[in-house]
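**Student:** Quick one: structure below, then a few questions.
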2 protein chains.
Amino acid sequence: MKLINDRLLKALRRQPVDATPVWIMRQAGRYLPEYRQVRSQVKNFMQLCKTPELACQVTLQPLARFDLDAAILFSDILVIPDAMGAAVEFQENIGPRINQPIRSLADVEQLHSPDPTEALAYVLETIEMTQHELAGKVPLIGFAGSPWTLACYMVEGGGSKDFATIKHMLYSEPEILHQLLQKLTRTVSDYLQAQIKAGVHAIMLFDTWGGVLTCRDYQQFSLDYMSQIIATIKQASDIPCILFTKNSTPWLEMIAQSDCDAISLDWTIDIGAARKRIGEQVSLQGNMDPMVLTGSDERIRNEVATILASYGQGSGHIFNLGHGITPQINPEKVAVMVKAVHELSAPYHEINL
Amino acid sequence: MKLINDRLLKALRRQPVDATPVWIMRQAGRYLPEYRQVRSQVKNFMQLCKTPELACQVTLQPLARFDLDAAILFSDILVIPDAMGAAVEFQENIGPRINQPIRSLADVEQLHSPDPTEALAYVLETIEMTQHELAGKVPLIGFAGSPWTLACYMVEGGGSKDFATIKHMLYSEPEILHQLLQKLTRTVSDYLQAQIKAGVHAIMLFDTWGGVLTCRDYQQFSLDYMSQIIATIKQASDIPCILFTKNSTPWLEMIAQSDCDAISLDWTIDIGAARKRIGEQVSLQGNMDPMVLTGSDERIRNEVATILASYGQGSGHIFNLGHGITPQINPEKVAVMVKAVHELSAPYHEINL
């Protein structure tokens with residue numbers, strides 16, 4: 001199906017666009033009252049992910065409100081551990097728990113190697129329903145967690161402040177961790193291939209916790225596995241891949257070697273400085289601090305203008321936040337941001353048309 | 001008093017040394033059973049900071065165990081808000097709370113502008129006692145929190161995951177935040193001057209939370225104020241200043257402009273890469289991941305060797321962890337690290353002697 005709005009895909013390929021495309025990490029989420037309404041219909045968060053009608057409905061909600069240039073599948077990175085047999089539980093206001101954390105080689109071996117077309121059929125069904133509803137209006141982004149980030153949750157048993165448990169494994173029994181990461185890499189690859197077959201137009205890998213590693217360990221325990229996943233995707237299709245490691249700005253050159261099409265930046269780096277470093281190799285996504293959305297309308301427009309000016313002329317920029325939008329944000333502020341991106345970016349694209 | 005071991009001061013001035021000096025952030029702390037014993041004698045953490053005999057005793061504890069090249073004053077960055085009249089409370093296993101957070105201009109105006117020689121006399125007394133006990137064995141490092149990091153605690157009322165409250169202030173009422181930061185800058189400057197008069201040999205500024213800002217806001221709301229503090233210190237003495245902003249590796253060039261003598265690095269950057277970027281301007285401190293100390297002795301020695309090799313030949317490196325040591329670390333592992341630093345670094349200094 002031909003896309004009506006293909007700004008995102010063009011920007012991912014650094015082809016000319018009329019305005020900078022914009023979407024928002026976690027755009028279908030708790031800051032929207034209509035999301036909270038749907039969420040209240042099911043007993044827990046995982047149930048929402050596992051009910052394609054509702055997941056599809058929630059995916060489309062932000063597009064009804066805002067002039068966004070992409071939809072992103074509503075799901076969670078922890079559907080993978082769930083499909084592998086780790087009991088995932090979402091506790092309200094606390095975050096995810098995995099009640100039997102992975103601590104030994106035996107634990108790793110007991111994990112399933114699921115066929116995503118069966119174990120994660122609910123996600124594929126959500127994608128198909130969403131594509132039908134979108135009818136080519138905007139592209140749909142699929143996603144998965146990075147093997148390292150999934151391993152963090154599975155070994156720690158939930159979120160963590162210092163990642164003491166997985167780092168102890170990394171520094172004392174790295175071979176167990178590599179076994180787990182290899183198993184996750186195969187599953188994530190299969191899962192993303194299945195998402196592509198179901199119809200997503202682009203893929204994003206979320207490596208929320210790669211930035212807690214040293215440079216050397218990041219390469220070995222996170223980036224190398226993501227590169228393997230991207231290589232598998234690239235063998236089978238020309239679907240663009242976006243890679244996001246929070247707190248990874250010291251390593252942009254290394255990440256740009258991974259054959260990803262775009263790097264999603266957190267807000268700690270000036271996007272113009274990032275473009276100078278790697279802008280000839282990849283597109284850049286980002287990078288507004290989500291908390292700017294707690295400021296005045298004028299402050300939001302100023303920040304959008306600053307980021308657009310810093311990126312400068314030409315394509316290759318996808319406007320986004322530097323991390324997921326948080327529940328306390330007023331949706332009207334998002335509208336201000338989206339409008340500002342389209343309005344204020346147009347002059348930077350005139351020479352391309 | 002002439003120092004017997006002056007490796008730290010020489011490395012801070014990039015003068016030749018016989019081995020790389022090493023000390024550890026939070027080296028006097030909960031991982032030491034003898035610290036826990038002293039801590040149990042007082043009713044709360046703040047009481048320990050406020051009792052010079054005990055604070056001095058605790059400062060010296062790690063030096064009795066390990067061949068460290070520096071002592072660091074035992075205290076807490078929150079003695080400043082405490083002296084300014086914000087009620088600081090340390091809750092076991094939760095962290096600090098400030099029960100009346102700063103949210104308005106009136107709140108800022110009500111804060112005291114304390115004279116450190118009175119309000120913080122207990123710290124100065126600790127320094128004098130410690131200097132007497134050290135008798136020139138190693139230098140004593142004094143420290144303070146950065147204005148931005150202190151403001152984070154004072155506005156949020158404690159630690160935070162997303163710093164939503166202070167960022168809302170930053171993005172919607174920046175002038176209130178600047179008033180607070182200016183007040184803190186004056187107090188921190190006076191406090192560090194008083195520490196220097198009391199006898200510390202070097203100063204470290206801890207900017208634990210500067211790394212949550214954008215590049216532009218970091219400059220304006222954190223680095224500029226730290227630069228003012230350093231300028232005040234440099235006017236009055238030649239005491240070297242170490243600056244530590246966690247998660248600041250994208251901004252090293254900017255930080256090196258601050259007239260600090262050394263930058264303390266977290267573990268996310270390869271120290272050799274950092275040296276290439278700014279090693280002609282400043283010394284570098286760091287940068288082992290504290291969690292390496294949960295690994296085997298061999299793994300610890302290997303990591304020490306990797307970091308030393310990455311820094312390479314010559315002076316200007318102070319070995320340290322990339323963040324404070326955590327309570328679960330076995331002190332014997334620290335001994336392994338300290339020994340490895342001195343042994344393995346000697347060959348990198350031979351050409352200098």
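Chain labels A, B, ... are given in the sequence in which chains occur in the structure tokens; within each chain residues are numbered consecutively from 1, and ligands are likewise numbered from 1 in the order shown.
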Excluding His168 in chain B and its own-chain neighbours fewer than 3 positions away, which residues fall within 12 Å of it when counting only C-alpha atoms? Please give them as a list in words.

**Tutor:**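 These residues fall inside the cut-off: Asp289, Pro290, Met291, Val292, Leu293, Thr294, Gly295, Ser296, Arg299, Ile300, Gln328 and Ile329 of chain A; Arg103, Cys152, Val155, Glu156, Asp162, Phe163, Ala164, Thr165, Tyr171, Ser172, Glu173, Pro174, Ile176 and Leu177 of chain B.
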
**Student:** Step one, run DSSP on the backbone; step two, keep only residues of range 4-178 of chain B assigned to alpha helix (DSSP H); then write them as a VMD selection string.

**Tutor:** chain B and resid 7 to 12 33 to 39 45 to 49 52 to 65 79 to 83 105 to 110 116 to 119 121 to 134 147 to 156 164 to 172 174 to 178

**Student:** Residues near range 32-48 of chain A, anyone? I mean within 9 Å using only C-alpha atoms, not counting same-chain ones fewer than 6 positions away, as a short mmCIF file (atom, residue, chain, number, x, y, z; two decimals) with N, CA and C atoms, in the first residue's frame.

**Tutor:**
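Output contents, as saved in part.cif:
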```
data_model
loop_
_atom_site.label_atom_id
_atom_site.label_comp_id
_atom_site.auth_asym_id
_atom_site.auth_seq_id
_atom_site.Cartn_x
_atom_site.Cartn_y
_atom_site.Cartn_z
N LEU A 54 -7.69 -3.62 21.24
CA LEU A 54 -7.38 -2.48 22.12
C LEU A 54 -5.99 -1.91 21.81
N ALA A 55 -5.02 -2.78 21.55
CA ALA A 55 -3.67 -2.29 21.23
C ALA A 55 -3.70 -1.46 19.95
N GLN A 57 -6.38 0.17 18.78
CA GLN A 57 -7.09 1.41 19.12
C GLN A 57 -6.15 2.42 19.79
N VAL A 58 -5.36 1.94 20.72
CA VAL A 58 -4.44 2.79 21.46
C VAL A 58 -3.32 3.31 20.54
N GLN A 61 -4.67 6.34 18.68
CA GLN A 61 -5.16 7.51 19.44
C GLN A 61 -4.36 8.80 19.21
N PRO A 62 -3.03 8.77 19.32
CA PRO A 62 -2.30 10.06 19.17
C PRO A 62 -2.43 10.63 17.75
N SER A 75 2.91 -1.65 22.24
CA SER A 75 3.30 -2.93 22.82
C SER A 75 4.32 -2.64 23.91
N ASP A 76 5.06 -3.63 24.33
CA ASP A 76 6.09 -3.42 25.35
C ASP A 76 7.28 -4.30 25.01
N VAL A 79 7.35 -8.17 26.09
CA VAL A 79 6.59 -9.30 25.50
C VAL A 79 7.55 -10.43 25.13
N VAL A 88 6.37 -12.18 33.50
CA VAL A 88 6.45 -10.72 33.59
C VAL A 88 5.19 -10.18 34.23
N GLU A 89 5.36 -9.27 35.14
CA GLU A 89 4.23 -8.68 35.85
C GLU A 89 4.45 -7.17 35.90
N PHE A 90 3.43 -6.40 35.56
CA PHE A 90 3.56 -4.94 35.63
C PHE A 90 2.85 -4.45 36.88
N GLN A 91 3.62 -3.83 37.76
CA GLN A 91 3.02 -3.30 38.99
C GLN A 91 2.81 -1.80 38.82
N GLU A 92 1.61 -1.37 39.05
CA GLU A 92 1.24 0.04 38.86
C GLU A 92 2.19 0.94 39.66
N PRO A 327 3.88 10.66 31.94
CA PRO A 327 2.42 10.75 32.15
C PRO A 327 1.91 12.14 32.52
N ILE A 329 2.54 15.02 31.31
CA ILE A 329 2.52 16.04 30.25
C ILE A 329 1.09 16.31 29.77
N ASN A 330 0.79 17.59 29.60
CA ASN A 330 -0.51 18.02 29.07
C ASN A 330 -0.51 17.80 27.54
N PRO A 331 -1.46 17.03 27.01
CA PRO A 331 -1.46 16.75 25.56
C PRO A 331 -1.45 18.02 24.70
#
```

**Student:** Which residue, A:Tyr348, A:Trp251, A:Phe66, A:Phe206, has the smallest gap to chain B when you use only C-alpha atoms?

**Tutor:**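 Of A:Tyr348, A:Trp251, A:Phe66, A:Phe206, the one nearest chain B is A:Trp251, counting only C-alpha atoms.
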
**Student:** Which residues are close to Asn302 in chain A, i.e. within 12 Å by only C-alpha atoms, leaving aside same-chain residues fewer than 4 positions away? Reply as a list in words.

**Tutor:**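 Neighbouring residues, sequence-local ones excluded: Met288, Val292, Leu293, Gly295, Ser296, Asp297, Glu298, Thr306, Ile307, Leu308, Ala309, Val336, Met337, Ala340, Val341 and Leu344 of chain A; Tyr171 of chain B.
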
**Student:** Extract, using only C-alpha atoms, all DNA, RNA and protein residues at most 10 Å from Pro16 in chain A, discarding same-chain residues fewer than 2 positions from it, and format them as a list of chain:residue names.

**Tutor:**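 Contacts, in chain order: A:Arg7, A:Lys10, A:Ala11, A:Arg13, A:Arg14, A:Asp18, A:Ala19, A:Thr20, A:Gly314, A:Ser315, A:Gly316, A:His349, A:Glu350, A:Ile351, A:Asn352, A:Leu353.
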
**Student:** Where in range 199-306 of chain A does DSSP assign strand (DSSP E or B), given as an MDAnalysis selection string?

**Tutor:** chainID A and resid 202:207 241:245 262:264 283:288

**Student:** Please provide the set of residues having any atom within 10 Å of Ser310 in chain B, restricted to only C-alpha atoms, with same-chain residues fewer than 6 positions apart removed, written as a ChimeraX atom specification.

**Tutor:** /B:270-275,304

**Student:** Keeping only N, CA, C and O atoms, take the residues you just selected and write them out as a PDB file, in the first residue's frame.

**Tutor:**
```
ATOM      1  N   ASP B 270      36.120   5.659  27.108  1.00  0.00           N
ATOM      2  CA  ASP B 270      37.471   5.123  27.116  1.00  0.00           C
ATOM      3  C   ASP B 270      38.402   6.274  27.510  1.00  0.00           C
ATOM      4  O   ASP B 270      38.393   7.333  26.872  1.00  0.00           O
ATOM      5  N   ILE B 271      39.210   6.071  28.547  1.00  0.00           N
ATOM      6  CA  ILE B 271      40.019   7.182  29.073  1.00  0.00           C
ATOM      7  C   ILE B 271      41.061   7.648  28.052  1.00  0.00           C
ATOM      8  O   ILE B 271      41.424   8.832  28.021  1.00  0.00           O
ATOM      9  N   GLY B 272      41.480   6.745  27.174  1.00  0.00           N
ATOM     10  CA  GLY B 272      42.405   7.139  26.110  1.00  0.00           C
ATOM     11  C   GLY B 272      41.741   8.093  25.123  1.00  0.00           C
ATOM     12  O   GLY B 272      42.351   9.073  24.673  1.00  0.00           O
ATOM     13  N   ALA B 273      40.482   7.826  24.816  1.00  0.00           N
ATOM     14  CA  ALA B 273      39.723   8.720  23.931  1.00  0.00           C
ATOM     15  C   ALA B 273      39.538  10.081  24.601  1.00  0.00           C
ATOM     16  O   ALA B 273      39.665  11.132  23.951  1.00  0.00           O
ATOM     17  N   ALA B 274      39.270  10.072  25.899  1.00  0.00           N
ATOM     18  CA  ALA B 274      39.124  11.338  26.631  1.00  0.00           C
ATOM     19  C   ALA B 274      40.443  12.106  26.639  1.00  0.00           C
ATOM     20  O   ALA B 274      40.469  13.327  26.471  1.00  0.00           O
ATOM     21  N   ARG B 275      41.557  11.376  26.815  1.00  0.00           N
ATOM     22  CA  ARG B 275      42.867  12.046  26.830  1.00  0.00           C
ATOM     23  C   ARG B 275      43.146  12.716  25.485  1.00  0.00           C
ATOM     24  O   ARG B 275      43.663  13.832  25.439  1.00  0.00           O
ATOM     25  N   VAL B 304      42.076  -2.863  35.486  1.00  0.00           N
ATOM     26  CA  VAL B 304      43.064  -1.833  35.849  1.00  0.00           C
ATOM     27  C   VAL B 304      44.093  -1.706  34.720  1.00  0.00           C
ATOM     28  O   VAL B 304      44.413  -0.595  34.268  1.00  0.00           O
TER      29      VAL B 304
END
```

**Student:** List as a list of chain:residue names the protein and nucleic acid residues near Phe143 in chain B, meaning an atom at most 8 Å away when only C-alpha atoms are counted, but skip any in the same chain fewer than 6 places from it.

**Tutor:** B:Leu73, B:Ile77, B:Leu192, B:Ile203, B:Met204, B:Leu205, B:Phe206

**Student:** Counting only C-alpha atoms, which of B:Thr185, B:Ser113, B:Thr268, B:Ser258 gets nearest to Asp217 in chain A?

**Tutor:**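 Smallest separation from Asp217 in chain A among the options: B:Thr268.
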
**Student:** Report, in Å to a single decimal, how far apart CA of Leu124 in chain B and CA of Ile141 in chain B are.

**Tutor:**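 Interatomic distance, CA of Ile141 in chain B to CA of Leu124 in chain B: 12.6 Å.
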
**Student:** Tell me, in Å to one decimal, how far CA of Phe221 in chain A is from CA of Pro81 in chain A.

**Tutor:**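 Value for the CA of Phe221 in chain A-CA of Pro81 in chain A distance: 17.8 Å.
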
**Student:** Hey, can you check how far CA of Arg97 in chain B sits from CA of Tyr153 in chain B?

**Tutor:** 7.8 Å

**Student:** Using only C-alpha atoms, which of B:Gln228, B:Ser264, B:Thr149, B:Thr249 sits nearest chain A?

**Tutor:**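 Among the listed residues, the smallest separation from chain A belongs to B:Thr249.
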